Amino acid sequence: MKKSLVLAAAAASVLAIAAPASAAPWQSINQRQANLDYRIDQGVRDGSLTRGEATRLRVEFNDLARLEARYRYSGGGLSMSERADLDRRFDMLSSQIRFERNDRQDRGDRGW
C-alpha cells in the first residue's frame, strides 16, 4: 500500500514538473520564422518599432533565413548542431524583438 502511494506521488510530481514545459509547444524552424516575421510586422503596424529598429531586425531576420538555407543546402538537411545553432539565434532575435517593442521608443504617431 505504501509503495503504491509513493509511486502515485512520484508520478504526480513528474506530471506537475512536465506540465509547464508542454505549455509552450515545440515549433518548427519555418513556424518560428513566420512568428518572428509576424511580430516585426505587428511592431511596425502598431508603432512600437521605429523605422531603424524594424530595419535592423529585418536585416537580422534575413541573415538567419540565409544561414538556414545555407545549412540545408550544405548537408541535405539540418543536422542537430545546425538546428541547435538556429534555435539559439532565433531565441536571441526573439529577445531583441521583445526588447525593441517594449523600450518605449515609438514612431510618435500613436497618440498619447
# chains A, B, ... in the order shown; residues from 1 in each chain; ligands from 1
>>> residues_around(residues="Leu57 in chain A", least_positions_apart="4", cutoff="9 Å", atoms="only C-alpha atoms", output="list in words")
Ile40, Gly52, Glu53, Phe61, Asn62, Leu93, Gln96 and Ile97 of chain A
>>> write_last_selection(atoms="all heavy atoms", output="mmCIF file, in the first residue's frame")
data_model
loop_
_atom_site.group_PDB
_atom_site.id
_atom_site.type_symbol
_atom_site.label_atom_id
_atom_site.label_comp_id
_atom_site.auth_asym_id
_atom_site.auth_seq_id
_atom_site.Cartn_x
_atom_site.Cartn_y
_atom_site.Cartn_z
ATOM 1 N N ILE A 40 7.547 41.292 -36.013
ATOM 2 C CA ILE A 40 8.167 42.511 -36.546
ATOM 3 C C ILE A 40 7.105 43.341 -37.276
ATOM 4 O O ILE A 40 7.004 44.552 -37.088
ATOM 5 C CB ILE A 40 9.357 42.182 -37.461
ATOM 6 C CG1 ILE A 40 10.493 41.540 -36.653
ATOM 7 C CG2 ILE A 40 9.857 43.437 -38.158
ATOM 8 C CD1 ILE A 40 11.623 40.970 -37.504
ATOM 9 N N GLY A 52 14.149 52.506 -37.847
ATOM 10 C CA GLY A 52 15.504 51.973 -37.695
ATOM 11 C C GLY A 52 15.525 50.622 -37.003
ATOM 12 O O GLY A 52 16.255 49.717 -37.409
ATOM 13 N N GLU A 53 14.706 50.481 -35.938
ATOM 14 C CA GLU A 53 14.638 49.205 -35.235
ATOM 15 C C GLU A 53 14.106 48.116 -36.156
ATOM 16 O O GLU A 53 14.658 47.010 -36.217
ATOM 17 C CB GLU A 53 13.722 49.328 -34.011
ATOM 18 C CG GLU A 53 14.299 50.172 -32.900
ATOM 19 C CD GLU A 53 13.280 50.490 -31.817
ATOM 20 O OE1 GLU A 53 12.046 50.394 -32.064
ATOM 21 O OE2 GLU A 53 13.715 50.860 -30.712
ATOM 22 N N PHE A 61 16.820 39.110 -39.340
ATOM 23 C CA PHE A 61 15.908 38.034 -39.728
ATOM 24 C C PHE A 61 16.320 37.445 -41.081
ATOM 25 O O PHE A 61 16.390 36.222 -41.240
ATOM 26 C CB PHE A 61 14.473 38.573 -39.797
ATOM 27 C CG PHE A 61 13.475 37.568 -40.262
ATOM 28 C CD1 PHE A 61 12.940 36.647 -39.381
ATOM 29 C CD2 PHE A 61 13.059 37.541 -41.583
ATOM 30 C CE1 PHE A 61 12.015 35.708 -39.807
ATOM 31 C CE2 PHE A 61 12.139 36.610 -42.020
ATOM 32 C CZ PHE A 61 11.618 35.691 -41.130
ATOM 33 N N ASN A 62 16.610 38.304 -42.056
ATOM 34 C CA ASN A 62 17.021 37.826 -43.386
ATOM 35 C C ASN A 62 18.357 37.106 -43.339
ATOM 36 O O ASN A 62 18.562 36.119 -44.066
ATOM 37 C CB ASN A 62 17.050 38.988 -44.378
ATOM 38 C CG ASN A 62 15.663 39.505 -44.696
ATOM 39 O OD1 ASN A 62 14.671 38.768 -44.634
ATOM 40 N ND2 ASN A 62 15.567 40.780 -44.999
ATOM 41 N N LEU A 93 17.085 36.600 -31.455
ATOM 42 C CA LEU A 93 16.305 37.553 -32.241
ATOM 43 C C LEU A 93 14.953 37.813 -31.588
ATOM 44 O O LEU A 93 14.484 38.949 -31.527
ATOM 45 C CB LEU A 93 16.130 37.067 -33.680
ATOM 46 C CG LEU A 93 15.345 37.988 -34.610
ATOM 47 C CD1 LEU A 93 15.976 39.376 -34.686
ATOM 48 C CD2 LEU A 93 15.235 37.376 -35.989
ATOM 49 N N GLN A 96 15.460 40.197 -28.827
ATOM 50 C CA GLN A 96 15.681 41.549 -29.341
ATOM 51 C C GLN A 96 14.372 42.193 -29.778
ATOM 52 O O GLN A 96 14.139 43.378 -29.511
ATOM 53 C CB GLN A 96 16.659 41.520 -30.515
ATOM 54 C CG GLN A 96 18.076 41.231 -30.103
ATOM 55 C CD GLN A 96 18.987 41.058 -31.302
ATOM 56 O OE1 GLN A 96 18.543 40.778 -32.411
ATOM 57 N NE2 GLN A 96 20.281 41.208 -31.072
ATOM 58 N N ILE A 97 13.513 41.418 -30.441
ATOM 59 C CA ILE A 97 12.211 41.952 -30.868
ATOM 60 C C ILE A 97 11.406 42.360 -29.641
ATOM 61 O O ILE A 97 10.821 43.453 -29.598
ATOM 62 C CB ILE A 97 11.440 40.926 -31.721
ATOM 63 C CG1 ILE A 97 12.154 40.693 -33.051
ATOM 64 C CG2 ILE A 97 10.001 41.385 -31.948
ATOM 65 C CD1 ILE A 97 11.608 39.514 -33.848
#
>>> residues_around(residues="Leu86 in chain A", least_positions_apart="2", cutoff="10 Å", atoms="only C-alpha atoms", output="VMD selection string")
chain A and resid 29 64 to 65 67 to 68 71 78 80 to 84 88 to 92
>>> atom_distance(atom1="CA of Arg98 in chain A", atom2="CA of Ala69 in chain A")
25.0 Å
>>> closest_residue(among="A:Arg66, A:Arg101, A:Arg32, A:Arg72", to="Ala54 in chain A", atoms="only C-alpha atoms")
A:Arg101
>>> residues_around(residues="Asp103 in chain A", least_positions_apart="4", cutoff="9 Å", atoms="only C-alpha atoms", output="ChimeraX atom specification")
/A:48-49,98-99
>>> select_by_dssp(residues="range 75-104 of chain A", states="alpha helix (DSSP H)", output="PyMOL selection string")
chain A and resi 75+80-101
>>> decode(residues="range 62-105 of chain A", atoms="N, CA and C atoms", output="PDB file, in the first residue's frame")
ATOM      1  N   ASN A  62      16.610  38.304 -42.056  1.00  0.00           N
ATOM      2  CA  ASN A  62      17.021  37.826 -43.386  1.00  0.00           C
ATOM      3  C   ASN A  62      18.357  37.106 -43.339  1.00  0.00           C
ATOM      4  N   ASP A  63      19.276  37.569 -42.490  1.00  0.00           N
ATOM      5  CA  ASP A  63      20.549  36.864 -42.317  1.00  0.00           C
ATOM      6  C   ASP A  63      20.320  35.449 -41.791  1.00  0.00           C
ATOM      7  N   LEU A  64      19.393  35.314 -40.848  1.00  0.00           N
ATOM      8  CA  LEU A  64      19.076  33.988 -40.316  1.00  0.00           C
ATOM      9  C   LEU A  64      18.443  33.095 -41.379  1.00  0.00           C
ATOM     10  N   ALA A  65      17.578  33.655 -42.195  1.00  0.00           N
ATOM     11  CA  ALA A  65      16.945  32.875 -43.261  1.00  0.00           C
ATOM     12  C   ALA A  65      18.004  32.385 -44.258  1.00  0.00           C
ATOM     13  N   ARG A  66      18.973  33.250 -44.577  1.00  0.00           N
ATOM     14  CA  ARG A  66      20.058  32.837 -45.485  1.00  0.00           C
ATOM     15  C   ARG A  66      20.936  31.768 -44.850  1.00  0.00           C
ATOM     16  N   LEU A  67      21.215  31.912 -43.550  1.00  0.00           N
ATOM     17  CA  LEU A  67      22.017  30.907 -42.851  1.00  0.00           C
ATOM     18  C   LEU A  67      21.300  29.564 -42.855  1.00  0.00           C
ATOM     19  N   GLU A  68      20.002  29.584 -42.607  1.00  0.00           N
ATOM     20  CA  GLU A  68      19.241  28.333 -42.633  1.00  0.00           C
ATOM     21  C   GLU A  68      19.303  27.687 -44.011  1.00  0.00           C
ATOM     22  N   ALA A  69      19.140  28.477 -45.055  1.00  0.00           N
ATOM     23  CA  ALA A  69      19.202  27.947 -46.418  1.00  0.00           C
ATOM     24  C   ALA A  69      20.576  27.357 -46.698  1.00  0.00           C
ATOM     25  N   ARG A  70      21.623  28.025 -46.227  1.00  0.00           N
ATOM     26  CA  ARG A  70      22.983  27.519 -46.427  1.00  0.00           C
ATOM     27  C   ARG A  70      23.176  26.200 -45.681  1.00  0.00           C
ATOM     28  N   TYR A  71      22.672  26.117 -44.448  1.00  0.00           N
ATOM     29  CA  TYR A  71      22.754  24.869 -43.683  1.00  0.00           C
ATOM     30  C   TYR A  71      22.026  23.744 -44.413  1.00  0.00           C
ATOM     31  N   ARG A  72      20.822  24.023 -44.893  1.00  0.00           N
ATOM     32  CA  ARG A  72      20.036  22.984 -45.567  1.00  0.00           C
ATOM     33  C   ARG A  72      20.706  22.536 -46.863  1.00  0.00           C
ATOM     34  N   TYR A  73      21.303  23.463 -47.581  1.00  0.00           N
ATOM     35  CA  TYR A  73      21.926  23.149 -48.868  1.00  0.00           C
ATOM     36  C   TYR A  73      23.209  22.351 -48.690  1.00  0.00           C
ATOM     37  N   SER A  74      23.985  22.685 -47.666  1.00  0.00           N
ATOM     38  CA  SER A  74      25.311  22.088 -47.498  1.00  0.00           C
ATOM     39  C   SER A  74      25.259  20.611 -47.123  1.00  0.00           C
ATOM     40  N   GLY A  75      24.265  20.203 -46.364  1.00  0.00           N
ATOM     41  CA  GLY A  75      24.266  18.825 -45.892  1.00  0.00           C
ATOM     42  C   GLY A  75      23.031  18.031 -46.257  1.00  0.00           C
ATOM     43  N   GLY A  76      22.206  18.551 -47.123  1.00  0.00           N
ATOM     44  CA  GLY A  76      20.993  17.839 -47.483  1.00  0.00           C
ATOM     45  C   GLY A  76      19.933  17.879 -46.391  1.00  0.00           C
ATOM     46  N   GLY A  77      20.041  18.776 -45.491  1.00  0.00           N
ATOM     47  CA  GLY A  77      19.100  18.908 -44.379  1.00  0.00           C
ATOM     48  C   GLY A  77      19.807  19.524 -43.192  1.00  0.00           C
ATOM     49  N   LEU A  78      19.097  19.686 -42.097  1.00  0.00           N
ATOM     50  CA  LEU A  78      19.681  20.291 -40.909  1.00  0.00           C
ATOM     51  C   LEU A  78      20.191  19.217 -39.967  1.00  0.00           C
ATOM     52  N   SER A  79      21.445  19.332 -39.562  1.00  0.00           N
ATOM     53  CA  SER A  79      21.974  18.428 -38.538  1.00  0.00           C
ATOM     54  C   SER A  79      21.479  18.924 -37.182  1.00  0.00           C
ATOM     55  N   MET A  80      21.676  18.128 -36.168  1.00  0.00           N
ATOM     56  CA  MET A  80      21.244  18.523 -34.826  1.00  0.00           C
ATOM     57  C   MET A  80      22.006  19.764 -34.347  1.00  0.00           C
ATOM     58  N   SER A  81      23.289  19.857 -34.659  1.00  0.00           N
ATOM     59  CA  SER A  81      24.057  21.025 -34.226  1.00  0.00           C
ATOM     60  C   SER A  81      23.607  22.277 -34.987  1.00  0.00           C
ATOM     61  N   GLU A  82      23.276  22.142 -36.273  1.00  0.00           N
ATOM     62  CA  GLU A  82      22.778  23.277 -37.039  1.00  0.00           C
ATOM     63  C   GLU A  82      21.415  23.727 -36.516  1.00  0.00           C
ATOM     64  N   ARG A  83      20.569  22.763 -36.198  1.00  0.00           N
ATOM     65  CA  ARG A  83      19.251  23.095 -35.636  1.00  0.00           C
ATOM     66  C   ARG A  83      19.410  23.811 -34.297  1.00  0.00           C
ATOM     67  N   ALA A  84      20.329  23.331 -33.464  1.00  0.00           N
ATOM     68  CA  ALA A  84      20.562  23.968 -32.170  1.00  0.00           C
ATOM     69  C   ALA A  84      21.101  25.385 -32.358  1.00  0.00           C
ATOM     70  N   ASP A  85      21.996  25.568 -33.334  1.00  0.00           N
ATOM     71  CA  ASP A  85      22.532  26.896 -33.610  1.00  0.00           C
ATOM     72  C   ASP A  85      21.415  27.835 -34.062  1.00  0.00           C
ATOM     73  N   LEU A  86      20.558  27.359 -34.965  1.00  0.00           N
ATOM     74  CA  LEU A  86      19.442  28.189 -35.427  1.00  0.00           C
ATOM     75  C   LEU A  86      18.484  28.507 -34.286  1.00  0.00           C
ATOM     76  N   ASP A  87      18.188  27.515 -33.453  1.00  0.00           N
ATOM     77  CA  ASP A  87      17.304  27.758 -32.308  1.00  0.00           C
ATOM     78  C   ASP A  87      17.876  28.838 -31.399  1.00  0.00           C
ATOM     79  N   ARG A  88      19.168  28.764 -31.125  1.00  0.00           N
ATOM     80  CA  ARG A  88      19.812  29.761 -30.275  1.00  0.00           C
ATOM     81  C   ARG A  88      19.719  31.149 -30.908  1.00  0.00           C
ATOM     82  N   ARG A  89      19.979  31.219 -32.206  1.00  0.00           N
ATOM     83  CA  ARG A  89      19.921  32.510 -32.901  1.00  0.00           C
ATOM     84  C   ARG A  89      18.489  33.054 -32.968  1.00  0.00           C
ATOM     85  N   PHE A  90      17.511  32.165 -33.182  1.00  0.00           N
ATOM     86  CA  PHE A  90      16.110  32.597 -33.187  1.00  0.00           C
ATOM     87  C   PHE A  90      15.701  33.099 -31.802  1.00  0.00           C
ATOM     88  N   ASP A  91      16.185  32.425 -30.749  1.00  0.00           N
ATOM     89  CA  ASP A  91      15.891  32.886 -29.393  1.00  0.00           C
ATOM     90  C   ASP A  91      16.445  34.287 -29.154  1.00  0.00           C
ATOM     91  N   MET A  92      17.664  34.528 -29.629  1.00  0.00           N
ATOM     92  CA  MET A  92      18.274  35.849 -29.459  1.00  0.00           C
ATOM     93  C   MET A  92      17.491  36.911 -30.218  1.00  0.00           C
ATOM     94  N   LEU A  93      17.085  36.600 -31.455  1.00  0.00           N
ATOM     95  CA  LEU A  93      16.305  37.553 -32.241  1.00  0.00           C
ATOM     96  C   LEU A  93      14.953  37.813 -31.588  1.00  0.00           C
ATOM     97  N   SER A  94      14.339  36.766 -31.062  1.00  0.00           N
ATOM     98  CA  SER A  94      13.058  36.922 -30.382  1.00  0.00           C
ATOM     99  C   SER A  94      13.200  37.850 -29.178  1.00  0.00           C
ATOM    100  N   SER A  95      14.275  37.701 -28.428  1.00  0.00           N
ATOM    101  CA  SER A  95      14.521  38.572 -27.281  1.00  0.00           C
ATOM    102  C   SER A  95      14.735  40.019 -27.726  1.00  0.00           C
ATOM    103  N   GLN A  96      15.460  40.197 -28.827  1.00  0.00           N
ATOM    104  CA  GLN A  96      15.681  41.549 -29.341  1.00  0.00           C
ATOM    105  C   GLN A  96      14.372  42.193 -29.778  1.00  0.00           C
ATOM    106  N   ILE A  97      13.513  41.418 -30.441  1.00  0.00           N
ATOM    107  CA  ILE A  97      12.211  41.952 -30.868  1.00  0.00           C
ATOM    108  C   ILE A  97      11.406  42.360 -29.641  1.00  0.00           C
ATOM    109  N   ARG A  98      11.370  41.498 -28.628  1.00  0.00           N
ATOM    110  CA  ARG A  98      10.628  41.806 -27.405  1.00  0.00           C
ATOM    111  C   ARG A  98      11.157  43.095 -26.767  1.00  0.00           C
ATOM    112  N   PHE A  99      12.484  43.200 -26.671  1.00  0.00           N
ATOM    113  CA  PHE A  99      13.082  44.394 -26.073  1.00  0.00           C
ATOM    114  C   PHE A  99      12.729  45.648 -26.868  1.00  0.00           C
ATOM    115  N   GLU A 100      12.927  45.603 -28.174  1.00  0.00           N
ATOM    116  CA  GLU A 100      12.698  46.786 -29.009  1.00  0.00           C
ATOM    117  C   GLU A 100      11.235  47.205 -29.006  1.00  0.00           C
ATOM    118  N   ARG A 101      10.331  46.241 -28.956  1.00  0.00           N
ATOM    119  CA  ARG A 101       8.908  46.600 -28.956  1.00  0.00           C
ATOM    120  C   ARG A 101       8.461  47.186 -27.630  1.00  0.00           C
ATOM    121  N   ASN A 102       9.224  46.931 -26.567  1.00  0.00           N
ATOM    122  CA  ASN A 102       8.826  47.402 -25.239  1.00  0.00           C
ATOM    123  C   ASN A 102       9.753  48.465 -24.668  1.00  0.00           C
ATOM    124  N   ASP A 103      10.631  49.050 -25.492  1.00  0.00           N
ATOM    125  CA  ASP A 103      11.583  50.024 -24.970  1.00  0.00           C
ATOM    126  C   ASP A 103      11.020  51.444 -24.946  1.00  0.00           C
ATOM    127  N   ARG A 104       9.753  51.585 -25.245  1.00  0.00           N
ATOM    128  CA  ARG A 104       9.039  52.859 -25.212  1.00  0.00           C
ATOM    129  C   ARG A 104       9.564  53.876 -26.216  1.00  0.00           C
ATOM    130  N   GLN A 105      10.294  53.415 -27.207  1.00  0.00           N
ATOM    131  CA  GLN A 105      10.651  54.281 -28.329  1.00  0.00           C
ATOM    132  C   GLN A 105       9.643  53.965 -29.422  1.00  0.00           C
TER     133      GLN A 105
END
